[in-house]
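The file entry16.cif contains mmCIF, N, CA and C atoms:
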```
data_work
#
loop_
_atom_site.label_atom_id
_atom_site.label_comp_id
_atom_site.auth_asym_id
_atom_site.auth_seq_id
_atom_site.Cartn_x
_atom_site.Cartn_y
_atom_site.Cartn_z
N MET A 1 32.92 -1.49 -53.61
CA MET A 1 32.31 -1.66 -52.30
C MET A 1 32.54 -3.09 -51.79
N CYS A 2 32.41 -4.09 -52.65
CA CYS A 2 32.52 -5.49 -52.24
C CYS A 2 33.98 -5.87 -52.01
N GLN A 3 34.22 -6.56 -50.90
CA GLN A 3 35.56 -7.04 -50.57
C GLN A 3 35.65 -8.57 -50.65
N HIS A 4 34.59 -9.23 -51.15
CA HIS A 4 34.55 -10.69 -51.22
C HIS A 4 35.26 -11.21 -52.46
N THR A 5 35.70 -12.48 -52.38
CA THR A 5 36.26 -13.16 -53.53
C THR A 5 35.48 -14.45 -53.70
N PRO A 6 34.82 -14.68 -54.81
CA PRO A 6 34.63 -13.76 -55.93
C PRO A 6 33.73 -12.61 -55.51
N ARG A 7 33.84 -11.53 -56.25
CA ARG A 7 33.09 -10.32 -55.93
C ARG A 7 31.59 -10.53 -56.12
N CYS A 8 30.82 -9.81 -55.32
CA CYS A 8 29.36 -9.84 -55.46
C CYS A 8 28.96 -9.15 -56.76
N PRO A 9 27.80 -9.50 -57.32
CA PRO A 9 27.34 -8.85 -58.55
C PRO A 9 27.14 -7.35 -58.31
N GLU A 10 27.45 -6.55 -59.32
CA GLU A 10 27.24 -5.10 -59.25
C GLU A 10 25.74 -4.80 -59.13
N SER A 11 25.39 -3.62 -58.65
CA SER A 11 23.99 -3.25 -58.49
C SER A 11 23.25 -3.16 -59.82
N SER A 12 23.98 -3.05 -60.92
CA SER A 12 23.35 -2.98 -62.25
C SER A 12 23.27 -4.34 -62.94
N ALA A 13 23.82 -5.37 -62.33
CA ALA A 13 23.84 -6.71 -62.94
C ALA A 13 22.47 -7.38 -62.82
N PRO A 14 22.12 -8.23 -63.77
CA PRO A 14 20.83 -8.94 -63.69
C PRO A 14 20.69 -9.80 -62.44
N ASP A 15 21.81 -10.31 -61.92
CA ASP A 15 21.77 -11.16 -60.72
C ASP A 15 22.13 -10.38 -59.45
N ARG A 16 21.86 -9.07 -59.45
CA ARG A 16 22.24 -8.18 -58.34
C ARG A 16 21.73 -8.66 -56.97
N GLU A 17 20.60 -9.37 -56.93
CA GLU A 17 20.03 -9.83 -55.67
C GLU A 17 20.83 -10.97 -55.04
N ALA A 18 21.82 -11.51 -55.77
CA ALA A 18 22.65 -12.59 -55.25
C ALA A 18 23.80 -12.09 -54.38
N ALA A 19 23.94 -10.78 -54.23
CA ALA A 19 25.00 -10.23 -53.38
C ALA A 19 24.78 -10.63 -51.92
N ARG A 20 25.85 -10.67 -51.17
CA ARG A 20 25.76 -11.04 -49.75
C ARG A 20 25.03 -9.99 -48.95
N THR A 21 24.34 -10.44 -47.91
CA THR A 21 23.63 -9.55 -47.01
C THR A 21 24.60 -9.00 -45.98
N LEU A 22 24.66 -7.66 -45.86
CA LEU A 22 25.51 -7.03 -44.86
C LEU A 22 24.75 -6.74 -43.57
N ALA A 23 23.49 -6.33 -43.72
CA ALA A 23 22.65 -6.03 -42.56
C ALA A 23 21.24 -6.49 -42.86
N SER A 24 20.64 -7.19 -41.92
CA SER A 24 19.29 -7.69 -42.10
C SER A 24 18.40 -7.16 -40.99
N HIS A 25 17.26 -6.62 -41.37
CA HIS A 25 16.29 -6.08 -40.41
C HIS A 25 14.91 -6.64 -40.74
N PRO A 26 14.69 -7.95 -40.50
CA PRO A 26 13.40 -8.55 -40.85
C PRO A 26 12.24 -7.92 -40.09
N ASP A 27 12.51 -7.40 -38.90
CA ASP A 27 11.46 -6.74 -38.14
C ASP A 27 10.98 -5.46 -38.83
N GLN A 28 11.82 -4.86 -39.66
CA GLN A 28 11.47 -3.66 -40.42
C GLN A 28 11.21 -3.96 -41.89
N GLY A 29 11.52 -5.19 -42.33
CA GLY A 29 11.21 -5.62 -43.68
C GLY A 29 12.23 -5.25 -44.74
N TRP A 30 13.51 -5.08 -44.37
CA TRP A 30 14.52 -4.75 -45.37
C TRP A 30 15.87 -5.31 -44.99
N SER A 31 16.74 -5.42 -46.02
CA SER A 31 18.12 -5.87 -45.83
C SER A 31 19.03 -5.05 -46.74
N LEU A 32 20.27 -4.82 -46.30
CA LEU A 32 21.28 -4.13 -47.09
C LEU A 32 22.21 -5.17 -47.68
N LEU A 33 22.36 -5.15 -49.00
CA LEU A 33 23.26 -6.08 -49.68
C LEU A 33 24.63 -5.45 -49.87
N CYS A 34 25.61 -6.27 -50.11
CA CYS A 34 27.00 -5.85 -50.27
C CYS A 34 27.20 -4.87 -51.41
N ASN A 35 26.36 -4.94 -52.42
CA ASN A 35 26.50 -4.04 -53.58
C ASN A 35 25.75 -2.72 -53.39
N GLY A 36 25.27 -2.46 -52.17
CA GLY A 36 24.63 -1.18 -51.85
C GLY A 36 23.13 -1.16 -52.06
N ILE A 37 22.54 -2.25 -52.48
CA ILE A 37 21.10 -2.31 -52.69
C ILE A 37 20.39 -2.57 -51.37
N VAL A 38 19.29 -1.85 -51.15
CA VAL A 38 18.39 -2.16 -50.04
C VAL A 38 17.25 -2.94 -50.66
N ILE A 39 17.07 -4.17 -50.20
CA ILE A 39 16.02 -5.04 -50.73
C ILE A 39 14.94 -5.18 -49.66
N PHE A 40 13.69 -5.08 -50.09
CA PHE A 40 12.55 -5.12 -49.17
C PHE A 40 11.85 -6.46 -49.24
N GLU A 41 11.15 -6.82 -48.17
CA GLU A 41 10.50 -8.13 -48.10
C GLU A 41 9.43 -8.31 -49.18
N ASP A 42 8.91 -7.23 -49.74
CA ASP A 42 7.93 -7.35 -50.83
C ASP A 42 8.61 -7.50 -52.18
N THR A 43 9.92 -7.64 -52.21
CA THR A 43 10.82 -7.81 -53.36
C THR A 43 11.11 -6.52 -54.11
N GLY A 44 10.68 -5.38 -53.58
CA GLY A 44 11.08 -4.10 -54.13
C GLY A 44 12.53 -3.82 -53.78
N GLU A 45 13.17 -2.90 -54.52
CA GLU A 45 14.58 -2.61 -54.29
C GLU A 45 14.83 -1.11 -54.38
N LEU A 46 15.78 -0.64 -53.58
CA LEU A 46 16.29 0.72 -53.65
C LEU A 46 17.75 0.61 -54.05
N LEU A 47 18.08 1.14 -55.23
CA LEU A 47 19.45 1.04 -55.76
C LEU A 47 20.33 2.14 -55.18
N PRO A 48 21.65 1.97 -55.20
CA PRO A 48 22.56 2.94 -54.60
C PRO A 48 22.38 4.38 -55.09
N GLY A 49 22.03 4.59 -56.34
CA GLY A 49 21.85 5.94 -56.87
C GLY A 49 20.51 6.56 -56.55
N GLY A 50 19.63 5.83 -55.87
CA GLY A 50 18.32 6.35 -55.51
C GLY A 50 17.18 5.84 -56.39
N ALA A 51 17.51 5.14 -57.47
CA ALA A 51 16.46 4.57 -58.32
C ALA A 51 15.78 3.43 -57.58
N THR A 52 14.55 3.15 -57.96
CA THR A 52 13.80 2.07 -57.33
C THR A 52 13.41 1.02 -58.36
N ILE A 53 13.21 -0.19 -57.88
CA ILE A 53 12.68 -1.28 -58.69
C ILE A 53 11.44 -1.76 -57.97
N ALA A 54 10.33 -1.77 -58.69
CA ALA A 54 9.05 -2.19 -58.09
C ALA A 54 9.10 -3.65 -57.68
N PRO A 55 8.27 -4.02 -56.70
CA PRO A 55 8.20 -5.43 -56.31
C PRO A 55 7.96 -6.31 -57.54
N HIS A 56 8.64 -7.46 -57.56
CA HIS A 56 8.57 -8.36 -58.71
C HIS A 56 8.51 -9.79 -58.24
N ARG A 57 7.35 -10.19 -57.83
CA ARG A 57 7.16 -11.55 -57.36
C ARG A 57 7.07 -12.50 -58.55
N PRO A 58 7.57 -13.73 -58.41
CA PRO A 58 7.55 -14.67 -59.53
C PRO A 58 6.14 -15.09 -59.94
N THR A 59 5.12 -14.83 -59.12
CA THR A 59 3.75 -15.20 -59.49
C THR A 59 3.10 -14.12 -60.35
N ASP A 60 3.73 -12.94 -60.49
CA ASP A 60 3.18 -11.86 -61.31
C ASP A 60 3.62 -12.05 -62.76
N LEU A 61 2.99 -13.01 -63.42
CA LEU A 61 3.36 -13.37 -64.79
C LEU A 61 2.23 -12.99 -65.74
N VAL A 62 2.58 -12.74 -66.97
CA VAL A 62 1.58 -12.44 -67.99
C VAL A 62 1.41 -13.67 -68.86
N PHE A 63 0.17 -14.04 -69.09
CA PHE A 63 -0.14 -15.19 -69.93
C PHE A 63 -1.07 -14.72 -71.04
N HIS A 64 -0.87 -15.23 -72.23
CA HIS A 64 -1.71 -14.90 -73.37
C HIS A 64 -2.59 -16.10 -73.68
N THR A 65 -3.89 -15.83 -73.81
CA THR A 65 -4.82 -16.90 -74.12
C THR A 65 -5.06 -16.94 -75.62
N SER A 66 -5.82 -17.91 -76.06
CA SER A 66 -6.12 -18.02 -77.49
C SER A 66 -6.96 -16.85 -77.99
N THR A 67 -7.62 -16.12 -77.07
CA THR A 67 -8.42 -14.96 -77.47
C THR A 67 -7.58 -13.71 -77.60
N GLY A 68 -6.28 -13.81 -77.24
CA GLY A 68 -5.40 -12.66 -77.36
C GLY A 68 -5.45 -11.74 -76.15
N ILE A 69 -6.18 -12.09 -75.11
CA ILE A 69 -6.28 -11.27 -73.92
C ILE A 69 -5.16 -11.66 -72.96
N SER A 70 -4.50 -10.67 -72.39
CA SER A 70 -3.43 -10.93 -71.43
C SER A 70 -4.03 -10.94 -70.02
N HIS A 71 -3.51 -11.80 -69.22
CA HIS A 71 -3.93 -11.90 -67.83
C HIS A 71 -2.72 -11.70 -66.94
N LEU A 72 -2.89 -10.96 -65.87
CA LEU A 72 -1.84 -10.77 -64.91
C LEU A 72 -2.19 -11.63 -63.70
N GLY A 73 -1.31 -12.48 -63.29
CA GLY A 73 -1.57 -13.34 -62.14
C GLY A 73 -1.08 -14.74 -62.39
N HIS A 74 -1.80 -15.69 -61.86
CA HIS A 74 -1.40 -17.10 -61.97
C HIS A 74 -1.73 -17.65 -63.35
N ALA A 75 -1.07 -18.71 -63.70
CA ALA A 75 -1.32 -19.38 -64.97
C ALA A 75 -2.75 -19.93 -64.97
N PRO A 76 -3.41 -19.86 -66.11
CA PRO A 76 -4.76 -20.44 -66.19
C PRO A 76 -4.73 -21.94 -65.93
N ALA A 77 -5.80 -22.43 -65.36
CA ALA A 77 -5.89 -23.87 -65.07
C ALA A 77 -5.91 -24.66 -66.37
N ALA A 78 -5.29 -25.81 -66.32
CA ALA A 78 -5.22 -26.64 -67.54
C ALA A 78 -6.48 -27.44 -67.73
#
```

Target encoding structure tokens, full file:
Amino acid sequence: MCQHTPRCPESSAPDREAARTLASHPDQGWSLLCNGIVIFEDTGELLPGGATIAPHRPTDLVFHTSTGISHLGHAPAA
């Protein structure tokens, strides 16, 4: 699909979101990347084969405390 040199990452590559944007629709909240992925403003993705990837914001991290309890969200205050 990609005609760029160097080629954009494949849709299965870990860096797939680095592909060039072919069409951007910020008013609708999505963009089409060169590798066929539709990426949404909430960071969710629709892959070319129809599979989806849930939104994955960098603030959604898991931290383990000394009590062994996992927390989803921001890092605990120091």

Inset, instruction - Report the residues retrieved by the PyMOL selection byres ((chain A and resi 19-26) around 8) from the displayed file, expressed as a list in words. - result: Arg7, Cys8, Pro9, Glu10, Asp15, Arg16, Glu17, Ala18, Asp27, Gln28, Gly29, Trp30, Ser31, Leu32, Leu33, Cys34, Asn35, Gly36 and Glu41 of chain A

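Interatomic distance, atom CA of Val38 of chain A to atom N of Pro14 of chain A: 15.5 Å.
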
Inset, instruction - Just the residues within 7 Å of Thr43 of chain A, please, counting only N, CA and C atoms, with nothing from its chain fewer than 5 positions along; format it as a list in words. - result: Ile53, Ala54, Pro55, His56 and Arg57 of chain A

Legend entry - Explicit residue set for the PyMOL selection byres (((chain A and resi 49 and name CA) around 10) and name CA), as a ChimeraX atom specification: /A:11,36-37,46-48,50-52

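Note that the spacing between atom C of Pro6 of chain A and atom N of Asp42 of chain A amounts to 26.0 Å.
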